[in-house]
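Okay, so here's the structure we're looking at.
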Amino acid sequence: MVTQKSVKNKSRKGRIPLVNLDITSVLDIVVITMVFLIQNYNATGELINIPKEVVIPNTISTKQNSAGVIVQVSPSKIWVDDTLILDSTAITKNSYDREGRRIVPLFNELVRKKELIKQIKNTSPNAVDFTGRVNLVMDKSIKFDYVKKLLYTAAEAGYSQYKFIVLGVEQ
């Protein structure tokens, strides 16, 4: 019996005293946390990697990005879905055709992506259809003549919808 009594005494000594917690303080913390999480939640789920060489322009627009092939353009390089397609050191006279209006490596990669999306759709009924949408992440120093070449190349490859990705600025 002596051992049972000593165990009881130890359990009483080891208890932490109850602290009265105000429920309004707890609710304030929960509400603030929920507001923070909801405001920072990205509903589209689109993640776009921006290369170090690309400085994108700012906007106050609030439209969200939509799914599509991502073409990233810096003054010296072009990527398609984070794969380097064209480097300025590798440009030859065969890099352009149609009187210099179409960028051949970009065209070939966009056609390959389109065929891959269609092939996946044929093998899997739950896959997303080819939308013909291209998301352009371009450096803000790119000249308009080069933008026209990019748009012409994308249109020739079967991409008729263009989305320019810019950095949103909160007001």
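Here, A, B, ... name the chains of the structure tokens in the order displayed, residue numbers run from 1 inside each chain, and ligands are numbered from 1 in the same displayed order.
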Which residues are close to Lys149 (chain A), i.e. within 10 Å by only C-alpha atoms, leaving aside same-chain residues fewer than 5 positions away? Reply as a tab-separated table (two decimals) with N, CA and C atoms, in the first residue's frame.
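Result file is around.tsv:
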chain	number	residue	atom	x	y	z
A	96	TYR	N	16.18	30.36	-88.51
A	96	TYR	CA	15.01	31.12	-88.95
A	96	TYR	C	14.64	30.69	-90.36
A	100	GLY	N	12.85	34.86	-92.30
A	100	GLY	CA	13.29	35.27	-90.97
A	100	GLY	C	12.17	35.52	-89.99
A	101	ARG	N	10.96	35.14	-90.33
A	101	ARG	CA	9.81	35.40	-89.45
A	101	ARG	C	9.55	34.26	-88.47
A	102	ARG	N	9.97	33.04	-88.79
A	102	ARG	CA	9.66	31.89	-87.94
A	102	ARG	C	10.95	31.36	-87.31
A	103	ILE	N	10.90	31.12	-86.00
A	103	ILE	CA	12.04	30.59	-85.26
A	103	ILE	C	11.92	29.06	-85.28
A	144	PHE	N	9.71	44.61	-80.04
A	144	PHE	CA	8.43	44.19	-80.60
A	144	PHE	C	8.61	43.32	-81.85
A	154	ALA	N	4.43	30.65	-82.91
A	154	ALA	CA	3.42	29.93	-82.13
A	154	ALA	C	2.16	29.69	-82.95
A	155	ALA	N	1.74	30.67	-83.74
A	155	ALA	CA	0.55	30.51	-84.58
A	155	ALA	C	0.78	29.44	-85.64
**OP:** Find the spatial neighbours of Gln72 (chain A), counting only C-alpha atoms, within a cut-off of 9 Å - ignore same-chain residues fewer than 5 positions away - and output them as a list in words.
**Re:** Asn49, Ile50, Pro51, Val54, Lys77, Ile78, Trp79, Val80, Asp81, Asp82, Asn135, Leu136, Val137, Met138 and Asp139 of chain A
For the residues in that selection, give me N, CA and C atoms as a tab-separated table (two decimals), in the first residue's frame.
chain	number	residue	atom	x	y	z
A	49	ASN	N	8.27	28.78	-63.44
A	49	ASN	CA	9.65	29.11	-63.12
A	49	ASN	C	10.11	30.22	-64.06
A	50	ILE	N	10.70	31.23	-63.49
A	50	ILE	CA	11.20	32.34	-64.30
A	50	ILE	C	12.72	32.31	-64.24
A	51	PRO	N	13.37	32.14	-65.39
A	51	PRO	CA	14.84	32.11	-65.40
A	51	PRO	C	15.44	33.42	-64.91
A	54	VAL	N	15.50	36.53	-67.21
A	54	VAL	CA	14.25	37.17	-67.62
A	54	VAL	C	13.76	38.11	-66.52
A	77	LYS	N	18.09	33.83	-74.84
A	77	LYS	CA	17.69	32.41	-74.78
A	77	LYS	C	16.18	32.26	-74.88
A	78	ILE	N	15.76	31.05	-75.31
A	78	ILE	CA	14.34	30.68	-75.33
A	78	ILE	C	14.20	29.31	-74.68
A	79	TRP	N	13.23	29.20	-73.76
A	79	TRP	CA	12.91	27.94	-73.12
A	79	TRP	C	11.47	27.59	-73.43
A	80	VAL	N	11.17	26.30	-73.51
A	80	VAL	CA	9.79	25.82	-73.58
A	80	VAL	C	9.61	24.84	-72.44
A	81	ASP	N	8.71	25.15	-71.52
A	81	ASP	CA	8.49	24.35	-70.32
A	81	ASP	C	9.81	24.02	-69.62
A	82	ASP	N	10.60	25.04	-69.36
A	82	ASP	CA	11.88	24.96	-68.64
A	82	ASP	C	12.97	24.18	-69.37
A	135	ASN	N	1.56	30.34	-72.97
A	135	ASN	CA	1.84	31.38	-71.98
A	135	ASN	C	3.24	31.91	-72.25
A	136	LEU	N	3.34	33.20	-72.50
A	136	LEU	CA	4.62	33.82	-72.84
A	136	LEU	C	5.16	34.59	-71.64
A	137	VAL	N	6.33	34.17	-71.18
A	137	VAL	CA	7.04	34.86	-70.10
A	137	VAL	C	8.24	35.52	-70.77
A	138	MET	N	8.15	36.83	-70.97
A	138	MET	CA	9.19	37.51	-71.74
A	138	MET	C	9.85	38.61	-70.92
A	139	ASP	N	11.13	38.78	-71.18
A	139	ASP	CA	11.88	39.87	-70.59
A	139	ASP	C	11.30	41.19	-71.09
Subject >> Option closest in space to Tyr146 (chain A), from A:Ser74, A:Gln119, A:Ser25, A:Ser124 [counting only C-alpha atoms] >> reply: A:Ser74
Original post:
When DSSP works through the backbone of this structure, what residues of region 23-138 of chain A end up as strand (DSSP E or B), shown as a list in words?
Top reply: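 Taking region 23-138 of chain A and keeping strand (DSSP E or B) only, one gets Asn58, Thr59, Val69, Ile70, Val71, Gln72, Val73, Lys77, Ile78, Trp79, Val80, Thr83, Leu84, Ile85, Leu86, Asp87, Tyr96, Asp97, Arg102, Ile103, Arg133, Val134, Asn135, Leu136, Val137 and Met138 of chain A.
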Original post:
So which one's closest to Lys148 (chain A), A:Lys93, A:Val30, A:Tyr162, A:Ile117? Using only C-alpha atoms, please.
Top reply: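 Of A:Lys93, A:Val30, A:Tyr162, A:Ile117, the one nearest Lys148 (chain A), counting only C-alpha atoms, is A:Tyr162.
Take CA of Ala157 (chain A) and CA of Lys143 (chain A): the distance between them is 21.6 Å.
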**OP:** Just list the residues in region 56-151 of chain A DSSP gives helix (DSSP H, G or I) on the backbone, as a PyMOL selection string.
**Re:** chain A and resi 88-90+93-95+104-123+144-151
Original post:
Between CA of Val147 (chain A) and CA of Glu115 (chain A), what is the spacing in Å?
Top reply: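 So the two atoms, CA of Glu115 (chain A) and CA of Val147 (chain A), lie 24.1 Å apart.
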Subject >> Pairwise distance for CA of Glu156 (chain A) and CA of Leu116 (chain A), rounded to one decimal in Å >> reply: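 Computing the Euclidean distance for CA of Glu156 (chain A) and CA of Leu116 (chain A) yields 16.8 Å.
Comparing A:Val31, A:Leu106, A:Leu86, A:Leu18 by their smallest distance to Leu150 (chain A), the closest is A:Leu106 (using only C-alpha atoms).
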